[in-house]
>>> print(open('work.txt').read())   # compact mmCIF, C-alpha atoms
# COMPACT_ATOMS: atom_id res chain seq x y z
CA MET A 904 52.92 6.73 -62.59
CA PRO A 905 50.12 8.54 -64.46
CA ALA A 906 47.02 6.51 -65.14
CA PRO A 907 47.17 4.14 -68.15
CA THR A 908 46.79 5.80 -71.56
CA SER A 909 47.87 9.19 -70.19
CA LEU A 910 51.53 9.57 -71.21
CA ILE A 911 52.59 11.92 -74.00
CA ASP A 912 55.63 10.68 -75.90
CA VAL A 913 57.50 13.61 -77.49
CA HIS A 914 60.38 11.49 -78.82
CA HIS A 915 58.74 8.94 -81.08
CA HIS A 916 60.01 8.45 -84.61
CA ALA A 917 58.23 7.52 -87.80
CA VAL A 918 59.60 6.05 -91.01
CA PRO A 919 57.02 6.89 -93.68
CA PRO A 920 57.24 4.56 -96.69
CA LEU A 921 57.92 7.49 -99.03
CA TYR A 922 60.81 8.57 -96.80
CA ALA A 923 62.28 5.06 -96.64
CA GLU A 924 62.04 4.85 -100.42
CA ALA A 925 63.84 8.17 -100.88
CA LEU A 926 66.54 7.15 -98.43
CA GLY A 927 67.05 3.92 -100.35
CA ALA A 928 70.26 2.09 -99.63
CA ARG A 929 71.91 5.07 -97.96
CA LYS A 930 73.12 4.39 -94.43
CA ALA A 931 71.08 6.91 -92.45
CA ILE A 932 73.06 6.66 -89.21
CA PRO A 933 76.30 4.68 -89.55
CA GLY A 934 76.22 1.53 -87.47
CA VAL A 935 72.51 1.81 -86.65
CA ASP A 936 69.93 -0.72 -87.83
CA TYR A 937 67.25 1.33 -89.57
CA PRO A 938 63.67 0.28 -88.68
CA THR A 939 62.24 0.29 -92.20
CA SER A 940 59.43 -2.04 -91.11
CA TRP A 941 57.81 0.71 -89.01
CA THR A 942 54.07 1.19 -89.36
CA PRO A 943 51.61 3.45 -87.53
CA GLU A 944 49.78 0.34 -86.35
CA ARG A 945 52.92 -1.01 -84.70
CA SER A 946 53.47 2.31 -82.95
CA LEU A 947 49.92 2.22 -81.65
CA GLU A 948 50.46 -1.30 -80.31
CA VAL A 949 53.58 -0.21 -78.44
CA MET A 950 51.84 2.90 -77.16
CA ASP A 951 48.86 0.91 -75.89
CA ALA A 952 51.16 -1.55 -74.13
CA HIS A 953 52.92 1.26 -72.25
CA GLY A 954 50.15 3.67 -71.31
CA ILE A 955 51.10 6.21 -73.98
CA ALA A 956 48.06 8.25 -74.92
CA ALA A 957 49.68 10.15 -77.77
CA ALA A 958 53.03 10.23 -79.56
CA VAL A 959 54.45 13.23 -81.37
CA LEU A 960 56.13 11.82 -84.47
CA SER A 961 59.37 13.04 -85.96
CA ILE A 962 61.99 12.11 -88.52
CA THR A 963 65.41 11.36 -87.10
CA ALA A 964 68.81 11.91 -88.72
CA PRO A 965 69.62 12.52 -91.50
CA GLY A 966 66.34 14.38 -92.04
CA VAL A 967 66.33 15.45 -95.69
CA THR A 968 70.01 16.45 -95.73
CA PHE A 969 70.89 13.59 -98.09
CA LEU A 970 69.09 15.55 -100.83
CA ASP A 971 69.81 18.98 -102.27
CA GLY A 972 67.74 22.02 -103.18
CA PRO A 973 64.25 21.37 -104.55
CA ASP A 974 64.53 17.63 -103.91
CA ALA A 975 65.02 18.23 -100.17
CA SER A 976 62.10 20.66 -100.06
CA LYS A 977 59.89 18.25 -101.98
CA LEU A 978 60.60 15.36 -99.61
CA ALA A 979 60.05 17.56 -96.54
CA ARG A 980 56.67 18.60 -97.96
CA GLN A 981 55.71 14.97 -98.68
CA VAL A 982 56.68 13.86 -95.18
CA ASN A 983 54.77 16.71 -93.55
CA GLU A 984 51.67 15.95 -95.61
CA TYR A 985 51.99 12.29 -94.62
CA PHE A 986 52.17 13.37 -90.97
CA ALA A 987 49.13 15.61 -91.37
CA GLU A 988 47.09 12.78 -92.88
CA LEU A 989 48.13 10.44 -90.08
CA VAL A 990 47.11 13.03 -87.49
CA ARG A 991 43.75 13.45 -89.25
CA GLU A 992 43.22 9.68 -89.09
CA HIS A 993 44.28 9.44 -85.41
CA PRO A 994 43.80 12.94 -83.97
CA THR A 995 44.00 11.87 -80.32
CA ARG A 996 46.84 9.39 -80.75
CA PHE A 997 49.39 11.14 -82.96
CA GLY A 998 50.93 14.56 -83.22
CA ALA A 999 53.86 15.54 -85.41
CA PHE A 1000 56.92 17.73 -85.55
CA ALA A 1001 57.29 19.09 -89.07
CA ILE A 1002 60.55 18.43 -90.86
CA LEU A 1003 62.23 21.49 -92.39
CA PRO A 1004 64.54 21.44 -95.45
CA LEU A 1005 67.53 22.93 -93.64
CA PRO A 1006 70.20 24.20 -94.16
CA ASP A 1007 68.22 26.21 -96.75
CA VAL A 1008 66.76 28.81 -94.39
CA ALA A 1009 64.46 30.41 -96.98
CA ALA A 1010 62.99 27.03 -97.91
CA ALA A 1011 62.70 26.12 -94.23
CA ARG A 1012 60.75 29.30 -93.46
CA ALA A 1013 58.38 28.58 -96.35
CA GLU A 1014 57.82 25.02 -95.14
CA LEU A 1015 57.38 26.24 -91.57
CA ASP A 1016 54.53 28.47 -92.70
CA TYR A 1017 52.88 25.67 -94.68
CA ALA A 1018 53.36 22.95 -92.04
CA LEU A 1019 51.97 25.06 -89.21
CA GLY A 1020 49.52 27.31 -91.05
CA GLU A 1021 48.07 24.93 -93.61
CA LEU A 1022 48.70 21.47 -92.18
CA GLY A 1023 48.31 22.38 -88.52
CA LEU A 1024 51.25 20.29 -87.30
CA ASP A 1025 52.21 20.58 -83.65
CA GLY A 1026 55.77 21.87 -83.83
CA VAL A 1027 58.97 21.45 -85.79
CA GLY A 1028 61.88 19.06 -85.61
CA VAL A 1029 65.48 20.02 -86.38
CA LEU A 1030 68.87 18.34 -86.19
CA THR A 1031 71.76 19.53 -84.04
CA SER A 1032 73.87 20.45 -87.06
CA TYR A 1033 73.72 20.91 -90.81
CA GLY A 1034 76.99 20.50 -92.62
CA GLN A 1035 79.59 22.16 -90.41
CA ARG A 1036 77.07 24.52 -88.78
CA TYR A 1037 75.38 24.02 -85.43
CA LEU A 1038 72.13 25.69 -84.43
CA GLY A 1039 73.81 28.75 -82.95
CA ASP A 1040 75.13 29.71 -86.37
CA PRO A 1041 73.94 33.26 -87.24
CA GLU A 1042 72.43 32.03 -90.51
CA PHE A 1043 69.79 30.06 -88.60
CA GLU A 1044 68.76 32.83 -86.22
CA PRO A 1045 66.08 34.45 -88.43
CA LEU A 1046 64.34 31.09 -88.62
CA PHE A 1047 64.50 30.60 -84.86
CA ALA A 1048 63.33 34.17 -84.28
CA GLU A 1049 60.23 33.45 -86.36
CA ILE A 1050 59.66 30.17 -84.55
CA ALA A 1051 60.01 31.90 -81.17
CA GLU A 1052 57.55 34.61 -82.22
CA ARG A 1053 55.04 31.92 -83.18
CA GLY A 1054 55.49 30.21 -79.80
CA THR A 1055 56.20 26.94 -81.59
CA ALA A 1056 58.00 24.06 -79.88
CA VAL A 1057 61.16 22.76 -81.55
CA HIS A 1058 62.35 19.21 -81.00
CA VAL A 1059 66.14 19.05 -81.40
CA HIS A 1060 67.50 15.66 -82.38
CA PRO A 1061 71.20 14.83 -82.64
CA ALA A 1062 72.82 13.94 -85.92
CA THR A 1063 76.03 12.15 -86.84
CA PRO A 1064 78.98 14.51 -86.17
CA PRO A 1065 79.81 16.50 -89.32
CA ASN A 1066 83.55 15.82 -89.05
CA ARG A 1067 84.11 12.75 -91.23
CA ASP A 1068 87.63 12.27 -89.86
CA LEU A 1069 86.46 11.96 -86.27
CA ALA A 1070 87.59 8.72 -84.66
CA THR A 1071 84.52 6.72 -83.65
CA PHE A 1072 86.29 3.47 -82.65
CA ASP A 1073 84.02 1.60 -85.05
CA LEU A 1074 81.05 2.33 -82.79
CA PRO A 1075 77.73 3.85 -83.90
CA ALA A 1076 77.51 7.59 -83.38
CA SER A 1077 74.17 7.20 -81.63
CA LEU A 1078 75.82 5.18 -78.85
CA TYR A 1079 77.62 8.19 -77.40
CA GLU A 1080 78.37 10.88 -80.01
CA PHE A 1081 74.71 11.89 -80.18
CA THR A 1082 74.92 13.14 -76.59
CA PHE A 1083 77.96 15.26 -77.45
CA GLU A 1084 76.25 16.65 -80.55
CA THR A 1085 73.40 17.90 -78.37
CA THR A 1086 75.94 19.49 -76.05
CA ARG A 1087 77.81 21.09 -78.96
CA THR A 1088 74.69 22.67 -80.41
CA ALA A 1089 73.64 23.97 -76.99
CA ALA A 1090 77.09 25.51 -76.50
CA SER A 1091 76.81 27.20 -79.90
CA LEU A 1092 73.40 28.62 -78.95
CA LEU A 1093 74.76 29.84 -75.62
CA PHE A 1094 77.99 31.47 -76.78
CA ASN A 1095 76.54 32.97 -79.95
CA GLY A 1096 73.95 34.72 -77.80
CA VAL A 1097 70.91 33.09 -79.37
CA LEU A 1098 69.36 31.94 -76.11
CA ASP A 1099 69.75 35.42 -74.60
CA ARG A 1100 68.29 37.18 -77.65
CA LEU A 1101 65.45 34.67 -78.00
CA PRO A 1102 64.47 33.83 -74.41
CA ASP A 1103 61.06 32.58 -75.56
CA LEU A 1104 62.50 29.96 -77.92
CA ARG A 1105 60.87 26.68 -76.86
CA LEU A 1106 63.56 24.08 -77.52
CA ILE A 1107 63.22 20.43 -76.50
CA LEU A 1108 66.63 18.75 -76.29
CA SER A 1109 66.76 14.99 -76.77
CA HIS A 1110 68.12 12.36 -74.39
CA ALA A 1111 68.13 14.49 -71.22
CA GLY A 1112 70.18 17.15 -72.97
CA GLY A 1113 73.09 14.86 -73.75
CA THR A 1114 75.88 15.77 -71.32
CA LEU A 1115 74.49 19.21 -70.41
CA PRO A 1116 73.29 18.37 -66.88
CA PHE A 1117 76.77 17.10 -66.03
CA LEU A 1118 78.63 19.95 -67.78
CA ALA A 1119 76.31 22.86 -66.97
CA ARG A 1120 78.56 24.43 -64.33
CA ARG A 1121 81.66 23.83 -66.44
CA LEU A 1122 80.11 25.87 -69.25
CA THR A 1123 80.05 28.91 -66.95
CA TYR A 1124 83.85 28.97 -66.98
CA GLY A 1125 84.18 30.12 -70.60
CA PRO A 1126 85.58 33.62 -69.90
CA THR A 1127 87.80 32.20 -67.15
CA ILE A 1128 89.37 29.73 -69.55
CA GLY A 1129 89.60 32.21 -72.46
CA ALA A 1130 89.29 35.94 -71.84
CA TYR A 1131 88.21 36.42 -75.47
CA LEU A 1132 84.88 34.86 -74.50
CA LYS A 1133 84.03 37.63 -72.05
CA ASP A 1134 81.92 39.52 -74.59
CA ARG A 1135 80.31 36.32 -75.87
CA ALA A 1136 79.44 34.75 -72.55
CA PRO A 1137 75.72 34.25 -71.86
CA GLN A 1138 74.17 36.42 -69.18
CA ASP A 1139 73.52 33.33 -67.04
CA VAL A 1140 74.40 29.90 -68.41
CA ILE A 1141 72.48 27.96 -65.78
CA SER A 1142 69.33 30.04 -66.17
CA ALA A 1143 69.48 29.79 -69.96
CA LEU A 1144 69.79 26.00 -69.80
CA GLY A 1145 67.01 25.91 -67.24
CA ARG A 1146 64.66 27.61 -69.71
CA LEU A 1147 65.05 24.77 -72.19
CA HIS A 1148 63.04 21.57 -72.20
CA TYR A 1149 64.43 18.04 -72.13
CA ASP A 1150 62.98 14.69 -73.08
CA ILE A 1151 64.08 11.56 -71.22
CA ALA A 1152 64.36 9.15 -74.15
CA MET A 1153 67.08 6.59 -73.30
CA SER A 1154 67.63 8.49 -70.04
CA ALA A 1155 65.02 7.45 -67.47
CA ASN A 1156 67.56 6.00 -65.06
CA GLU A 1157 69.15 6.66 -61.70
CA PHE A 1158 72.25 8.24 -63.26
CA ALA A 1159 70.71 10.84 -65.58
CA LEU A 1160 67.52 11.91 -63.83
CA PRO A 1161 68.98 13.47 -60.65
CA ALA A 1162 71.28 15.80 -62.59
CA LEU A 1163 68.61 16.68 -65.16
CA THR A 1164 66.04 17.44 -62.45
CA ARG A 1165 68.53 19.66 -60.62
CA LEU A 1166 69.23 21.62 -63.81
CA ALA A 1167 65.78 21.90 -65.37
CA GLY A 1168 63.26 21.31 -62.61
CA THR A 1169 60.30 19.03 -63.16
CA GLY A 1170 58.40 21.63 -65.19
CA ARG A 1171 60.83 21.31 -68.12
CA ILE A 1172 61.16 17.54 -68.42
CA LEU A 1173 59.13 15.46 -70.89
CA TYR A 1174 58.57 11.76 -71.41
CA GLY A 1175 60.11 10.14 -74.50
CA SER A 1176 60.61 6.59 -75.77
CA ASP A 1177 62.83 6.82 -78.91
CA TYR A 1178 60.73 4.08 -80.50
CA PRO A 1179 61.28 2.47 -83.03
CA PHE A 1180 65.02 3.25 -83.17
CA MET A 1181 65.05 1.75 -79.72
CA PRO A 1182 62.87 -1.38 -79.56
CA ALA A 1183 59.68 -1.89 -77.61
CA SER A 1184 61.68 -3.59 -74.86
CA HIS A 1185 63.48 -0.31 -74.26
CA THR A 1186 60.15 1.53 -74.11
CA THR A 1187 59.31 -0.90 -71.31
CA GLU A 1188 62.62 -0.18 -69.57
CA ASN A 1189 62.42 3.59 -69.98
CA THR A 1190 58.79 3.74 -68.86
CA ALA A 1191 59.62 1.63 -65.81
CA GLY A 1192 62.52 3.96 -64.98
CA PHE A 1193 60.24 6.95 -65.33
CA ALA A 1194 57.66 5.35 -63.02
CA ALA A 1195 60.17 4.17 -60.41
CA TYR A 1196 62.39 7.24 -59.99
CA ASP A 1197 62.01 8.33 -56.37
CA GLY A 1198 63.23 11.90 -56.85
CA TRP A 1199 59.81 13.15 -57.98
CA THR A 1200 56.47 13.38 -56.27
CA GLU A 1201 53.56 11.69 -57.99
CA ALA A 1202 52.22 15.12 -58.97
CA GLU A 1203 55.58 15.94 -60.57
CA ARG A 1204 55.62 12.58 -62.33
CA ALA A 1205 52.20 13.30 -63.81
CA GLU A 1206 53.46 16.71 -64.92
CA ILE A 1207 56.47 15.15 -66.67
CA GLY A 1208 54.45 12.34 -68.18
CA ARG A 1209 51.74 14.53 -69.66
CA ALA A 1210 51.05 18.09 -68.53
CA ASN A 1211 54.39 19.60 -69.59
CA ALA A 1212 53.95 18.33 -73.14
CA LEU A 1213 50.40 19.65 -73.38
CA ARG A 1214 51.55 23.12 -72.28
CA LEU A 1215 54.21 23.10 -74.99
CA LEU A 1216 51.96 21.69 -77.71
CA PRO A 1217 48.63 23.55 -77.61
CA THR A 1218 47.30 22.11 -80.88
CA LEU A 1219 47.79 18.59 -79.52
CA ALA A 1220 46.24 19.64 -76.22
CA ALA A 1221 43.19 20.96 -78.07
CA ARG A 1222 42.72 17.64 -79.86
CA LEU A 1223 42.94 15.75 -76.57
CA THR A 1224 40.46 18.00 -74.80
CA PRO A 1225 36.84 16.84 -75.17
>>> encode(input="work.txt", output="structure tokens")
Amino acid sequence: MPAPTSLIDVHHHAVPPLYAEALGARKAIPGVDYPTSWTPERSLEVMDAHGIAAAVLSITAPGVTFLDGPDASKLARQVNEYFAELVREHPTRFGAFAILPLPDVAAARAELDYALGELGLDGVGVLTSYGQRYLGDPEFEPLFAEIAERGTAVHVHPATPPNRDLATFDLPASLYEFTFETTRTAASLLFNGVLDRLPDLRLILSHAGGTLPFLARRLTYGPTIGAYLKDRAPQDVISALGRLHYDIAMSANEFALPALTRLAGTGRILYGSDYPFMPASHTTENTAGFAAYDGWTEAERAEIGRANALRLLPTLAARLTP
């Protein structure tokens, strides 16, 4: 395991007071207890207890999608300015993924420019879907093309499935549907050609990529199953998935890590905790799983725990470099 205080946590959520107030009594993620008592100080305590040098903060589902038009843009701006102030107060402990007011692409591009150019945030965070559209939808491609040109990292977090009639067996979507949402948005990116047209897009998929490591080979069978997919099939599904990055929030265990490592290699895997939506006890469990997994060398473990994140997030790396 890397030396204490060296880990970089790329999957660490924040609940700014202004965001909690705007969310109000709305149920953010059905069936999930929302950690409205979050504070930066509590995050720092958990980080210190687990050897986490810095955490890159993000807003989880539902983002700002519970608001419309100018209200969504206004809240995104307020959250990003809150993040920027927090980073200024703790430059070596916190980074932040800017929230964008999607699905309004024009507003998202304006906020992207402000959040990166003016506020100096470290990357952007998006959800797997907006309304009935996943990230491979053509409407989103101009935004992702600009992000790819900037070389900016994008943290992709699952959202509650958009189909309200979907049977969930009275279980929270984050228990298992979140993994399928990540897989669905990756499939849309693959078969709409986005990953081939934007090979430099630096996506970080949550939770070990959902079910992608298990289904990667199956996804190569698209044209075999339906000939109509021949012209839409990616050039190389496995290579395209191998260019993506994956955090190991809720996934640092003996079941997920072998398949993920085989798909992505150790240079594309990043440490993540999912705090505070998963409690500090899970940070302990996930960090222990990360430290104990015997499929990596110690050099590879150090790469996953820190170096990979710093390569992806140069503004954070600059703040951590004396």
>>> atom_distance(input="work.txt", atom1="CA of Ala1111 in chain A", atom2="CA of Asp1177 in chain A")
12.1 Å
>>> residues_near_point(input="work.txt", point="(56.1, -0.6, -89.5)", cutoff="12 Å", atoms="only C-alpha atoms", output="PDB file with C-alpha atoms, keeping the file's coordinate frame")
ATOM      1  CA  HIS A 916      60.010   8.450 -84.610  1.00  0.00           C
ATOM      2  CA  ALA A 917      58.230   7.520 -87.800  1.00  0.00           C
ATOM      3  CA  VAL A 918      59.600   6.050 -91.010  1.00  0.00           C
ATOM      4  CA  PRO A 919      57.020   6.890 -93.680  1.00  0.00           C
ATOM      5  CA  PRO A 920      57.240   4.560 -96.690  1.00  0.00           C
ATOM      6  CA  ALA A 923      62.280   5.060 -96.640  1.00  0.00           C
ATOM      7  CA  TYR A 937      67.250   1.330 -89.570  1.00  0.00           C
ATOM      8  CA  PRO A 938      63.670   0.280 -88.680  1.00  0.00           C
ATOM      9  CA  THR A 939      62.240   0.290 -92.200  1.00  0.00           C
ATOM     10  CA  SER A 940      59.430  -2.040 -91.110  1.00  0.00           C
ATOM     11  CA  TRP A 941      57.810   0.710 -89.010  1.00  0.00           C
ATOM     12  CA  THR A 942      54.070   1.190 -89.360  1.00  0.00           C
ATOM     13  CA  PRO A 943      51.610   3.450 -87.530  1.00  0.00           C
ATOM     14  CA  GLU A 944      49.780   0.340 -86.350  1.00  0.00           C
ATOM     15  CA  ARG A 945      52.920  -1.010 -84.700  1.00  0.00           C
ATOM     16  CA  SER A 946      53.470   2.310 -82.950  1.00  0.00           C
ATOM     17  CA  LEU A 947      49.920   2.220 -81.650  1.00  0.00           C
ATOM     18  CA  GLU A 948      50.460  -1.300 -80.310  1.00  0.00           C
ATOM     19  CA  VAL A 949      53.580  -0.210 -78.440  1.00  0.00           C
ATOM     20  CA  TYR A1178      60.730   4.080 -80.500  1.00  0.00           C
ATOM     21  CA  PRO A1179      61.280   2.470 -83.030  1.00  0.00           C
ATOM     22  CA  PHE A1180      65.020   3.250 -83.170  1.00  0.00           C
TER      23      PHE A1180
END
>>> closest_atom_pairs(input="work.txt", of="range 1020-1057 of chain A", to="range 951-967 of chain A", cutoff="10 Å", atoms="only C-alpha atoms", output="tab-separated table")
residue	atom	partner	partner_atom	distance
A:Leu1024	CA	A:Val959	CA	9.8
A:Asp1025	CA	A:Val959	CA	8.0
A:Gly1026	CA	A:Val959	CA	9.1
A:Val1027	CA	A:Ser961	CA	8.4
A:Gly1028	CA	A:Ser961	CA	6.5
A:Val1029	CA	A:Gly966	CA	8.0
A:Leu1030	CA	A:Ala964	CA	6.9
A:Thr1031	CA	A:Ala964	CA	9.4
A:Tyr1033	CA	A:Pro965	CA	9.4
>>> atom_distance(input="work.txt", atom1="CA of Asp1016 in chain A", atom2="CA of Leu1219 in chain A")
17.8 Å
>>> atom_distance(input="work.txt", atom1="CA of Met1153 in chain A", atom2="CA of Arg1105 in chain A")
21.3 Å
>>> residues_near_point(input="work.txt", point="(65.6, 32.2, -85.7)", cutoff="12 Å", atoms="all atoms listed in the file", output="ChimeraX atom specification")
/A:1008-1009,1011-1012,1015,1038-1055,1057,1092,1096-1098,1100-1106
>>> residues_around(input="work.txt", residues="range 970-987 of chain A", least_positions_apart="2", cutoff="7 Å", atoms="all atoms listed in the file", output="list in words")
Tyr922, Val967, Thr968, Leu989, Val990, Arg991, Ala999, Ala1001, Ile1002, Leu1003, Pro1004, Ala1010, Ala1018, Leu1022 and Leu1024 of chain A
>>> closest_residue(input="work.txt", among="A:Thr1190, A:Thr1164, A:Thr1169, A:Thr995", to="Arg1204 in chain A", atoms="only C-alpha atoms")
A:Thr1169
>>> closest_residue(input="work.txt", among="A:Leu1019, A:Ala1162, A:Ala1089, A:Leu921", to="Pro1137 in chain A", atoms="all atoms listed in the file")
A:Ala1089
>>> residues_around(input="work.txt", residues="range 1080-1084 of chain A", least_positions_apart="6", cutoff="8 Å", atoms="only C-alpha atoms", output="ChimeraX atom specification")
/A:1031-1032,1061-1064,1110,1112-1114
>>> closest_residue(input="work.txt", among="A:Arg1087, A:Thr1123, A:Leu1005, A:Ile1141", to="Pro1065 in chain A", atoms="only C-alpha atoms")
A:Arg1087
